[in-house]
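So this one's target-v2.tsv, TSV, C-alpha atoms:
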```tsv
chain	number	residue	atom	x	y	z
A	214	MET	CA	-107.18	-28.19	97.06
A	215	GLY	CA	-105.90	-31.71	96.76
A	216	ALA	CA	-102.23	-32.36	97.27
A	217	ARG	CA	-101.28	-28.71	97.71
A	218	VAL	CA	-102.06	-28.88	101.41
A	219	GLY	CA	-100.47	-31.29	103.84
A	220	LYS	CA	-102.14	-33.25	106.59
A	221	TYR	CA	-101.86	-33.37	110.35
A	222	ILE	CA	-100.90	-36.49	112.25
A	223	THR	CA	-101.86	-36.80	115.91
A	224	LYS	CA	-99.01	-37.97	118.14
A	225	LYS	CA	-98.54	-38.28	121.88
A	226	VAL	CA	-95.71	-37.27	124.16
A	227	THR	CA	-95.75	-37.72	127.96
A	228	GLY	CA	-99.50	-38.33	127.81
A	229	GLU	CA	-100.27	-35.15	125.84
A	230	SER	CA	-101.57	-35.22	122.27
A	231	TYR	CA	-100.20	-32.88	119.63
A	232	ARG	CA	-100.68	-32.43	115.88
A	233	ALA	CA	-97.61	-32.65	113.65
A	234	TYR	CA	-97.75	-31.41	110.08
A	235	LEU	CA	-96.86	-33.61	107.12
A	236	PRO	CA	-96.23	-31.53	103.98
A	237	PRO	CA	-97.33	-32.77	100.54
A	238	MET	CA	-94.56	-33.90	98.22
A	239	LEU	CA	-93.04	-31.53	95.67
A	240	PRO	CA	-93.78	-30.39	93.03
A	241	PRO	CA	-97.31	-29.49	94.16
A	242	GLU	CA	-100.49	-30.59	92.46
A	243	PRO	CA	-102.10	-28.66	90.78
A	244	PRO	CA	-98.83	-27.20	89.46
A	245	ILE	CA	-97.55	-23.66	90.09
A	246	GLN	CA	-99.32	-21.11	87.85
A	247	LEU	CA	-96.19	-19.79	86.19
A	248	GLU	CA	-98.06	-17.60	83.72
A	249	ASN	CA	-99.19	-15.34	86.61
A	250	LEU	CA	-95.59	-15.00	87.81
A	251	SER	CA	-93.86	-14.55	84.44
A	252	SER	CA	-93.58	-10.75	84.63
A	253	ILE	CA	-92.10	-10.60	88.15
A	254	LEU	CA	-89.90	-13.62	87.37
A	255	GLU	CA	-88.45	-11.77	84.39
A	256	LYS	CA	-87.76	-8.67	86.52
A	257	ALA	CA	-86.07	-10.78	89.21
A	258	ALA	CA	-83.82	-12.50	86.65
A	259	ALA	CA	-82.87	-9.10	85.16
A	260	ALA	CA	-82.10	-7.62	88.61
A	261	LEU	CA	-79.92	-10.65	89.43
A	262	ALA	CA	-78.10	-10.30	86.12
A	263	GLU	CA	-77.25	-6.70	86.99
A	264	LEU	CA	-75.99	-7.77	90.42
A	265	ASN	CA	-73.88	-10.47	88.75
A	266	SER	CA	-72.29	-7.83	86.50
A	267	LEU	CA	-70.83	-5.97	89.51
A	268	SER	CA	-67.39	-7.19	88.50
A	269	HIS	CA	-67.56	-5.05	85.33
A	270	PHE	CA	-67.68	-1.74	87.17
A	271	ILE	CA	-66.14	-2.56	90.57
A	272	PRO	CA	-62.33	-2.64	90.71
A	273	ASN	CA	-62.12	-4.93	93.76
A	274	THR	CA	-64.67	-7.72	93.33
A	275	SER	CA	-63.13	-9.88	96.07
A	276	LEU	CA	-63.73	-7.14	98.65
A	277	PHE	CA	-67.42	-7.00	97.69
A	278	MET	CA	-67.68	-10.76	98.00
A	279	TYR	CA	-66.07	-10.48	101.42
A	280	ILE	CA	-68.56	-7.80	102.48
A	281	TYR	CA	-71.74	-9.25	100.95
A	282	VAL	CA	-71.20	-12.79	102.26
A	283	ARG	CA	-70.80	-11.31	105.74
A	284	LYS	CA	-73.87	-9.14	105.32
A	285	GLU	CA	-76.01	-12.17	104.43
A	286	ALA	CA	-74.52	-14.16	107.34
A	287	LEU	CA	-75.19	-11.30	109.74
A	288	LEU	CA	-78.76	-10.67	108.59
A	289	SER	CA	-79.73	-14.34	108.48
A	290	SER	CA	-78.39	-14.83	112.02
A	291	GLN	CA	-80.18	-11.68	113.21
A	292	ILE	CA	-83.50	-13.12	112.01
A	293	GLU	CA	-82.77	-15.97	114.45
A	294	GLY	CA	-82.10	-13.47	117.25
A	295	THR	CA	-78.31	-12.95	117.40
A	296	GLN	CA	-77.19	-9.48	118.45
A	297	SER	CA	-73.99	-9.23	116.41
A	298	SER	CA	-73.23	-6.15	114.29
A	299	PHE	CA	-70.96	-5.74	111.26
A	300	SER	CA	-68.12	-4.23	113.30
A	301	ASP	CA	-68.45	-7.03	115.92
A	302	LEU	CA	-68.04	-9.65	113.19
A	303	MET	CA	-65.03	-7.95	111.62
A	304	LEU	CA	-63.33	-7.45	115.01
A	305	PHE	CA	-63.91	-11.13	115.84
A	306	GLU	CA	-62.47	-12.28	112.51
A	307	HIS	CA	-59.36	-10.17	113.12
A	308	GLN	CA	-58.88	-11.63	116.62
A	309	GLN	CA	-60.05	-8.41	118.28
A	310	LYS	CA	-62.63	-8.42	121.04
A	311	PRO	CA	-66.16	-7.54	119.87
A	312	ASN	CA	-68.63	-5.65	122.06
A	313	ILE	CA	-71.13	-8.48	122.52
A	314	SER	CA	-71.46	-12.14	123.46
A	315	LEU	CA	-68.77	-14.16	121.70
A	316	GLU	CA	-71.31	-16.92	121.08
A	317	ASP	CA	-73.46	-14.57	118.99
A	318	VAL	CA	-70.61	-13.42	116.80
A	319	GLU	CA	-69.17	-16.94	116.50
A	320	GLU	CA	-72.55	-18.07	115.15
A	321	VAL	CA	-72.35	-15.45	112.36
A	322	SER	CA	-68.73	-16.37	111.63
A	323	ASN	CA	-69.75	-20.04	111.32
A	324	TYR	CA	-72.40	-19.03	108.78
A	325	VAL	CA	-69.69	-17.37	106.66
A	326	LYS	CA	-67.63	-20.59	106.87
A	327	ALA	CA	-70.70	-22.67	105.99
A	328	ILE	CA	-71.42	-20.62	102.84
A	329	HIS	CA	-67.82	-20.97	101.67
A	330	TYR	CA	-67.78	-24.68	102.51
A	331	GLY	CA	-70.97	-25.37	100.54
A	332	ILE	CA	-69.81	-23.40	97.50
A	333	LYS	CA	-66.41	-25.10	97.48
A	334	ARG	CA	-68.10	-28.54	97.53
A	335	LEU	CA	-70.38	-27.56	94.62
A	336	GLN	CA	-67.40	-26.23	92.66
A	337	ASP	CA	-65.71	-29.61	93.21
A	338	ASP	CA	-68.75	-31.19	91.51
A	339	PHE	CA	-70.25	-32.61	94.68
A	340	PRO	CA	-74.04	-32.86	94.20
A	341	LEU	CA	-76.45	-30.65	96.13
A	342	SER	CA	-77.73	-33.46	98.32
A	343	LEU	CA	-78.85	-34.42	101.82
A	344	ARG	CA	-75.27	-35.42	102.55
A	345	LEU	CA	-73.97	-31.98	101.59
A	346	ILE	CA	-76.74	-30.31	103.63
A	347	ARG	CA	-75.63	-32.35	106.67
A	348	GLU	CA	-71.97	-31.44	106.08
A	349	ILE	CA	-72.84	-27.73	105.88
A	350	HIS	CA	-74.93	-28.05	109.06
A	351	ALA	CA	-71.89	-29.47	110.88
A	352	VAL	CA	-69.90	-26.35	109.91
A	353	LEU	CA	-72.79	-24.05	110.85
A	354	LEU	CA	-73.10	-25.51	114.35
A	355	SER	CA	-69.41	-26.10	115.08
A	356	GLY	CA	-68.26	-24.83	118.48
A	357	GLY	CA	-70.21	-22.53	120.78
A	358	ARG	CA	-73.85	-23.14	121.48
A	359	GLY	CA	-74.43	-25.65	118.67
A	360	VAL	CA	-72.38	-28.57	119.96
A	361	ASP	CA	-75.24	-30.28	121.83
A	362	LYS	CA	-77.67	-29.85	118.89
A	363	LEU	CA	-76.42	-32.81	116.79
A	364	PRO	CA	-74.30	-30.84	114.30
A	365	GLY	CA	-74.33	-32.67	110.96
A	366	ASP	CA	-77.16	-35.04	111.94
A	367	PHE	CA	-80.87	-34.94	111.22
A	368	ARG	CA	-82.97	-34.79	114.36
A	369	LYS	CA	-83.91	-37.96	116.20
A	370	SER	CA	-86.68	-36.36	118.26
A	371	GLN	CA	-89.69	-34.14	117.69
A	372	ASN	CA	-89.03	-30.40	117.47
A	373	TRP	CA	-91.51	-27.53	117.34
A	374	ILE	CA	-91.73	-23.80	116.62
A	375	GLY	CA	-93.12	-21.38	119.23
A	376	GLY	CA	-94.53	-22.49	122.57
A	377	THR	CA	-92.85	-24.57	125.27
A	378	ARG	CA	-93.75	-28.06	124.05
A	379	PRO	CA	-95.42	-29.71	121.01
A	380	GLY	CA	-98.84	-29.46	122.69
A	381	ASN	CA	-98.87	-25.65	122.73
A	382	ALA	CA	-96.57	-24.93	119.77
A	383	LEU	CA	-97.40	-22.62	116.86
A	384	PHE	CA	-96.20	-25.27	114.42
A	385	VAL	CA	-94.98	-28.85	114.75
A	386	PRO	CA	-92.91	-30.21	111.81
A	387	PRO	CA	-93.11	-33.81	110.58
A	388	PRO	CA	-92.51	-36.56	113.16
A	389	VAL	CA	-89.17	-38.38	113.04
A	390	ASP	CA	-90.64	-41.52	111.41
A	391	HIS	CA	-91.74	-39.42	108.39
A	392	LEU	CA	-88.61	-37.29	108.20
A	393	MET	CA	-86.60	-39.28	105.64
A	394	ASP	CA	-89.53	-39.61	103.22
A	395	CYS	CA	-89.97	-35.81	103.24
A	396	LEU	CA	-86.23	-35.21	102.88
A	397	SER	CA	-85.77	-37.73	100.06
A	398	ASN	CA	-88.53	-35.99	98.12
A	399	LEU	CA	-86.89	-32.59	98.75
A	400	GLU	CA	-83.52	-33.93	97.55
A	401	LYS	CA	-85.15	-35.20	94.37
A	402	PHE	CA	-86.90	-31.84	93.89
A	403	LEU	CA	-83.55	-29.98	94.13
A	404	HIS	CA	-82.66	-31.66	90.82
A	405	ASP	CA	-86.01	-30.94	89.13
A	406	GLU	CA	-85.28	-29.31	85.77
A	407	THR	CA	-88.82	-28.48	84.76
A	408	LEU	CA	-89.17	-25.33	86.88
A	409	PRO	CA	-87.28	-22.01	86.59
A	410	ILE	CA	-84.38	-21.90	89.08
A	411	LEU	CA	-85.77	-18.96	91.07
A	412	ILE	CA	-89.13	-20.69	91.48
A	413	LYS	CA	-87.39	-23.89	92.57
A	414	ALA	CA	-85.21	-21.99	95.08
A	415	GLY	CA	-88.23	-20.25	96.60
A	416	MET	CA	-90.12	-23.54	96.92
A	417	ALA	CA	-87.18	-25.53	98.28
A	418	HIS	CA	-86.73	-22.94	101.03
A	419	VAL	CA	-90.35	-23.27	102.20
A	420	GLN	CA	-90.23	-27.06	102.13
A	421	PHE	CA	-86.96	-27.15	104.07
A	422	GLU	CA	-88.35	-24.82	106.76
A	423	THR	CA	-91.53	-26.90	106.96
A	424	ILE	CA	-89.61	-30.17	107.36
A	425	HIS	CA	-87.28	-28.49	109.92
A	426	PRO	CA	-84.91	-31.46	109.78
A	427	PHE	CA	-82.37	-30.35	112.40
A	428	LEU	CA	-82.61	-29.54	116.10
A	429	ASP	CA	-81.13	-26.11	115.43
A	430	GLY	CA	-79.95	-23.94	112.54
A	431	ASN	CA	-82.91	-24.68	110.22
A	432	GLY	CA	-83.67	-21.01	109.44
A	433	CYS	CA	-80.10	-20.11	108.52
A	434	LEU	CA	-79.51	-23.32	106.54
A	435	GLY	CA	-82.81	-22.95	104.68
A	436	ARG	CA	-81.80	-19.46	103.58
A	437	LEU	CA	-78.32	-20.65	102.64
A	438	LEU	CA	-79.96	-23.28	100.44
A	439	ILE	CA	-81.38	-20.45	98.26
A	440	THR	CA	-77.85	-19.15	97.57
A	441	LEU	CA	-76.48	-22.64	96.87
A	442	LEU	CA	-79.25	-23.45	94.38
A	443	MET	CA	-78.70	-20.19	92.49
A	444	MET	CA	-74.95	-20.73	92.35
A	445	LYS	CA	-75.22	-24.37	91.36
A	446	ASP	CA	-77.45	-23.43	88.44
A	447	GLY	CA	-75.30	-20.48	87.37
A	448	LEU	CA	-77.80	-17.77	88.25
A	449	LEU	CA	-75.35	-16.26	90.74
A	450	HIS	CA	-71.61	-16.21	90.00
A	451	GLU	CA	-70.64	-15.32	93.57
A	452	PRO	CA	-72.61	-15.44	96.86
A	453	ILE	CA	-73.41	-11.72	96.74
A	454	LEU	CA	-77.20	-11.79	97.24
A	455	TYR	CA	-78.11	-10.88	100.82
A	456	LEU	CA	-81.80	-11.84	100.58
A	457	SER	CA	-82.03	-11.98	104.39
A	458	LEU	CA	-82.15	-8.16	104.39
A	459	TYR	CA	-85.60	-8.32	102.77
A	460	LEU	CA	-86.73	-11.27	104.89
A	461	LYS	CA	-85.61	-9.48	108.06
A	462	GLN	CA	-87.33	-6.22	107.11
A	463	ASN	CA	-90.54	-8.10	106.22
A	464	ARG	CA	-90.29	-10.90	108.73
A	465	SER	CA	-93.96	-10.90	109.84
A	466	ASP	CA	-95.01	-11.35	106.18
A	467	TYR	CA	-92.21	-13.90	105.72
A	468	TYR	CA	-93.48	-16.13	108.55
A	469	ARG	CA	-97.15	-15.59	107.65
A	470	LEU	CA	-96.62	-16.57	104.00
A	471	LEU	CA	-94.64	-19.69	104.94
A	472	MET	CA	-97.62	-20.67	107.08
A	473	GLU	CA	-100.12	-19.92	104.28
A	474	VAL	CA	-98.32	-22.34	101.97
A	475	ARG	CA	-98.83	-25.00	104.66
A	476	THR	CA	-102.45	-24.19	105.45
A	477	HIS	CA	-103.78	-23.11	102.02
A	478	GLY	CA	-101.20	-24.26	99.46
A	479	ALA	CA	-100.66	-20.54	98.64
A	480	TRP	CA	-97.45	-21.09	96.68
A	481	GLU	CA	-97.99	-18.27	94.18
A	482	THR	CA	-98.45	-15.62	96.90
A	483	TRP	CA	-95.24	-16.75	98.60
A	484	LEU	CA	-93.33	-16.86	95.30
A	485	GLU	CA	-94.42	-13.35	94.39
A	486	PHE	CA	-93.13	-12.11	97.76
A	487	PHE	CA	-89.89	-14.08	97.32
A	488	LEU	CA	-89.25	-12.74	93.79
A	489	GLN	CA	-89.99	-9.19	94.93
A	490	GLY	CA	-87.29	-9.72	97.55
A	491	ILE	CA	-84.78	-10.83	94.92
A	492	ILE	CA	-85.53	-7.67	92.90
A	493	GLU	CA	-85.20	-5.29	95.86
A	494	VAL	CA	-82.06	-6.86	97.31
A	495	SER	CA	-80.30	-7.14	93.93
A	496	LYS	CA	-80.91	-3.43	93.33
A	497	GLN	CA	-79.76	-2.64	96.85
A	498	GLY	CA	-76.58	-4.68	96.28
A	499	VAL	CA	-75.75	-2.73	93.12
A	500	LYS	CA	-76.49	0.60	94.85
A	501	THR	CA	-74.28	-0.32	97.83
A	502	ALA	CA	-71.41	-1.33	95.55
A	503	LYS	CA	-71.59	2.02	93.74
A	504	GLU	CA	-71.77	3.97	97.01
A	505	ILE	CA	-68.74	2.16	98.43
A	506	SER	CA	-66.73	2.55	95.22
A	507	ASN	CA	-67.49	6.28	95.11
A	508	LEU	CA	-66.50	6.66	98.76
A	509	PHE	CA	-63.18	4.84	98.25
A	510	GLU	CA	-62.43	6.93	95.18
A	511	SER	CA	-63.25	10.18	96.94
A	512	ASP	CA	-61.22	9.30	100.04
A	513	PHE	CA	-58.26	8.09	98.02
A	514	SER	CA	-58.20	11.38	96.11
A	515	LYS	CA	-58.00	13.27	99.44
A	516	LEU	CA	-54.67	11.57	100.09
A	517	THR	CA	-53.01	12.56	96.81
A	518	HIS	CA	-52.02	16.02	98.09
A	519	LEU	CA	-50.22	14.75	101.19
A	520	GLY	CA	-46.44	14.60	101.33
A	521	ARG	CA	-44.45	11.59	102.50
A	522	VAL	CA	-47.20	10.47	104.87
A	523	ARG	CA	-49.39	9.74	101.83
A	524	PHE	CA	-47.98	6.22	101.36
A	525	SER	CA	-48.70	5.08	104.91
A	526	CYS	CA	-52.18	6.68	104.69
A	527	GLU	CA	-52.90	4.70	101.51
A	528	LYS	CA	-51.87	1.46	103.24
A	529	VAL	CA	-54.08	2.34	106.20
A	530	LEU	CA	-57.04	3.08	103.92
A	531	GLU	CA	-56.63	-0.34	102.23
A	532	TYR	CA	-56.56	-2.04	105.63
A	533	LEU	CA	-59.66	-0.17	106.83
A	534	LYS	CA	-61.63	-1.72	103.96
A	535	GLN	CA	-61.22	-5.10	105.71
A	536	LEU	CA	-61.44	-3.81	109.29
A	537	PRO	CA	-63.12	-0.39	109.55
A	538	GLN	CA	-62.43	-0.04	113.30
A	539	VAL	CA	-58.81	-0.01	114.51
A	540	THR	CA	-56.41	1.07	117.23
A	541	VAL	CA	-52.82	2.16	116.71
A	542	PRO	CA	-51.28	-1.11	118.08
A	543	VAL	CA	-53.56	-3.26	115.87
A	544	LEU	CA	-52.71	-1.23	112.77
A	545	ALA	CA	-48.96	-1.07	113.50
A	546	LYS	CA	-48.80	-4.85	113.92
A	547	ALA	CA	-50.98	-5.64	110.88
A	548	LEU	CA	-49.11	-3.32	108.53
A	549	ASP	CA	-45.66	-3.85	110.03
A	550	MET	CA	-45.15	-0.13	110.73
A	551	THR	CA	-44.10	1.71	113.88
A	552	ALA	CA	-46.75	2.97	116.29
A	553	PRO	CA	-45.84	6.65	115.64
A	554	THR	CA	-46.19	6.10	111.85
A	555	ALA	CA	-49.59	4.43	112.29
A	556	ARG	CA	-50.74	7.18	114.71
A	557	ASN	CA	-49.54	9.94	112.40
A	558	ALA	CA	-51.37	8.42	109.39
A	559	LEU	CA	-54.61	8.00	111.36
A	560	GLU	CA	-54.45	11.55	112.74
A	561	LYS	CA	-53.91	12.92	109.22
A	562	MET	CA	-56.97	10.95	108.07
A	563	VAL	CA	-59.01	12.36	110.96
A	564	VAL	CA	-58.14	15.89	109.83
A	565	LEU	CA	-59.17	14.97	106.26
A	566	GLY	CA	-62.52	13.69	107.54
A	567	ILE	CA	-61.88	10.10	106.35
A	568	VAL	CA	-61.80	8.47	109.79
A	569	GLU	CA	-63.02	9.60	113.16
A	570	GLU	CA	-61.67	8.96	116.63
A	571	THR	CA	-64.59	7.80	118.75
A	572	SER	CA	-63.27	6.86	122.18
A	573	HIS	CA	-62.08	10.38	123.15
A	574	LYS	CA	-59.45	8.78	125.37
A	575	GLN	CA	-55.84	9.86	125.76
A	576	ARG	CA	-54.60	6.31	125.29
A	577	ASP	CA	-55.93	3.28	123.35
A	578	LYS	CA	-57.86	5.50	120.96
A	579	VAL	CA	-60.30	3.80	118.59
A	580	TYR	CA	-60.46	5.02	114.99
A	581	ILE	CA	-63.46	4.23	112.79
A	582	TYR	CA	-63.97	4.49	109.04
A	583	ARG	CA	-67.47	5.74	109.81
A	584	GLN	CA	-68.93	6.52	106.38
A	585	TYR	CA	-67.90	3.08	105.13
A	586	LEU	CA	-69.29	1.32	108.18
A	587	ASN	CA	-72.56	3.24	107.84
A	588	ILE	CA	-73.01	1.92	104.28
A	589	LEU	CA	-72.17	-1.65	105.39
A	590	GLU	CA	-74.51	-1.55	108.37
A	591	GLU	CA	-77.54	-0.27	106.44
A	592	GLY	CA	-80.39	-2.58	107.43
A	593	ALA	CA	-78.00	-4.77	109.46
A	594	GLU	CA	-78.69	-3.35	112.91
A	595	PRO	CA	-79.52	-6.15	115.39
A	596	LEU	CA	-83.22	-6.58	116.18
A	597	GLY	CA	-84.10	-5.26	119.67
A	598	GLY	CA	-81.70	-6.21	122.46
```
Will you turn the file into structure tokens for me?
Amino acid sequence: MGARVGKYITKKVTGESYRAYLPPMLPPEPPIQLENLSSILEKAAAALAELNSLSHFIPNTSLFMYIYVRKEALLSSQIEGTQSSFSDLMLFEHQQKPNISLEDVEEVSNYVKAIHYGIKRLQDDFPLSLRLIREIHAVLLSGGRGVDKLPGDFRKSQNWIGGTRPGNALFVPPPVDHLMDCLSNLEKFLHDETLPILIKAGMAHVQFETIHPFLDGNGCLGRLLITLLMMKDGLLHEPILYLSLYLKQNRSDYYRLLMEVRTHGAWETWLEFFLQGIIEVSKQGVKTAKEISNLFESDFSKLTHLGRVRFSCEKVLEYLKQLPQVTVPVLAKALDMTAPTARNALEKMVVLGIVEETSHKQRDKVYIYRQYLNILEEGAEPLGG
């Protein structure tokens, strides 16, 4: 198979030998068989184009960006084991207390910041480079549990995946003394113009995960790299592809296929899986946007027959799009209205079946825009506790 498959280097740590993997340089040799992928590649590009056109039939594009970026952040972090949910993230971002470990939800919030940071740098014409990857990593690991994991710096020691040490690990990435050679080649590959963008994005992700250049955050950053490549090359106008939904739902295949690229050079099998994911998630993104738009329209029309309370209900409905779980004090403060006005509007919306009161308490009642939250949370439930 020639240079499609890497080689193992035997190293020693505290007297124990282990085998670290050195990937071949990109692009692989023999080259990717694009003719076998042309049909699925075409379908993936068409599905992405439809997702990109969301702005033509969605009145509030910025809200969908807000939602979809958070969905990708949430799903990507869940693949790594965080237990945050959509409502936890939104509560945290609005300075409310979520129901789970703050560290988990802070990790997801950092991912959102990292996406925005990377996109802003690209829009300012900063090249997609190792330096930018390090800068994004610093944002990803800021605060919380990432501070002792060298945020913004490539690792200076051997890491491994699975097991308790390199000697019994499932996979050991390249040793530190080979790290910069691998990374320099990846950086060069990011600017390769001979391959279709989607193929390049799928390959760059695998190579990044194989190199595993940081002590922590490699999975999330490797998935973020897919979004950045697509945006840099104009295939995505906004970061609205939550590919991690597909990778989470098919995670055993995801990990197996990454490994098969390393052991057998099976690039085409991985790329077919990756492109199928782009198709499914793009369609899902369009479907979600239509469902949410229809829900908003239907709920807004329920308010048109109300009397004077209609105006405060409309303001409340707008606010619930950003934070679908509220209490009267939170709403009153956010919308600068009195507590009785906020309570009255929420109670009217309960009667209309728009929101539901879930705490069943006399005081400190919690109101949830349930149908909206259900659409947002589809597929984004944390993996086992």
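Straight-line separation from CA of Ala260 in chain A to CA of Leu437 in chain A: 19.5 Å.
Distance check against Pro409 in chain A using all atoms listed in the file: of A:Tyr467, A:Leu442, A:Asn431, A:Glu527, the minimum falls on A:Leu442.
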Give one line per residue of range 450-503 of chain A that approaches range 231-241 of chain A to at most 9 Å, naming the two atoms of the closest pair and their distance in Å to one decimal, counting all atoms listed in the file; sort by chain then ascending residue number and deliver it as a tab-separated table.
```
residue	atom	partner	partner_atom	distance
A:Arg475	CA	A:Pro236	CA	7.1
A:Gly478	CA	A:Pro241	CA	8.4
A:Trp480	CA	A:Pro241	CA	8.8
```
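Counting all atoms listed in the file, Leu441 in chain A has the following residues at most 9 Å away, ignoring those fewer than 6 positions along the same chain: A:Ile328, A:Gly331, A:Ile332, A:Leu335, A:Leu341, A:Ala414, A:Leu449, A:Pro452.
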Next item on the list: Point out the residue among A:His391, A:Lys284, A:Arg576, A:His404 with the least atom-to-atom distance to Val494 in chain A, counting only C-alpha atoms.
Entry: A:Lys284
Margin query: What's the separation between CA of Val563 in chain A and CA of Ser275 in chain A, in Å to one decimal place?
Written below: 27.1 Å
Note to self: List the spatial neighbours of range 356-369 of chain A as an NGL selection string - criterion: any atom at most 6 Å away, all atoms listed in the file, same-chain residues fewer than 3 positions off excluded.
What the structure shows: :A and (316 or 347-348 or 350-351 or 426-428)
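Taking CA of Ser322 in chain A as the reference point, CA of Leu276 in chain A is found at 16.7 Å.
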Next item on the list: Please provide as a VMD selection string all residues within 10 Å of Arg334 in chain A, with the sequence filter that same-chain residues fewer than 5 positions apart are discarded (counting only C-alpha atoms).
Entry: chain A and resid 329 339 to 341 345 348 to 349
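Residue nearest Asn249 in chain A, chosen from A:Gln371, A:Gln309, A:Thr482, A:Thr274 and counting all atoms listed in the file: A:Thr482.
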Note to self: Let me make sure I understand: among A:Glu406, A:Asp390, A:Glu285, A:Glu451, which one has the smallest atom-to-atom distance to Leu267 in chain A if we use only C-alpha atoms?
What the structure shows: A:Glu451
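Closest approach to Gly520 in chain A from the set A:His307, A:Lys503, A:Arg378, A:Lys561 is made by A:Lys561, with distances taken over only C-alpha atoms.
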Next item on the list: List the neighbours of Leu454 in chain A out to 9 Å using all atoms listed in the file; skip same-chain residues closer than 5 positions along the sequence, and give me the result as an MDAnalysis selection string.
Entry: chainID A and resid 261 264 281:282 285 440 449 491 494:495 498
Note to self: Give me the residues near Arg464 in chain A as a VMD selection string, where near means some atom within 12 Å (using all atoms listed in the file) and where sequence neighbours in that chain fewer than 2 positions away do not count.
What the structure shows: chain A and resid 288 to 289 291 to 293 456 to 462 466 to 471 486 to 487 490 596
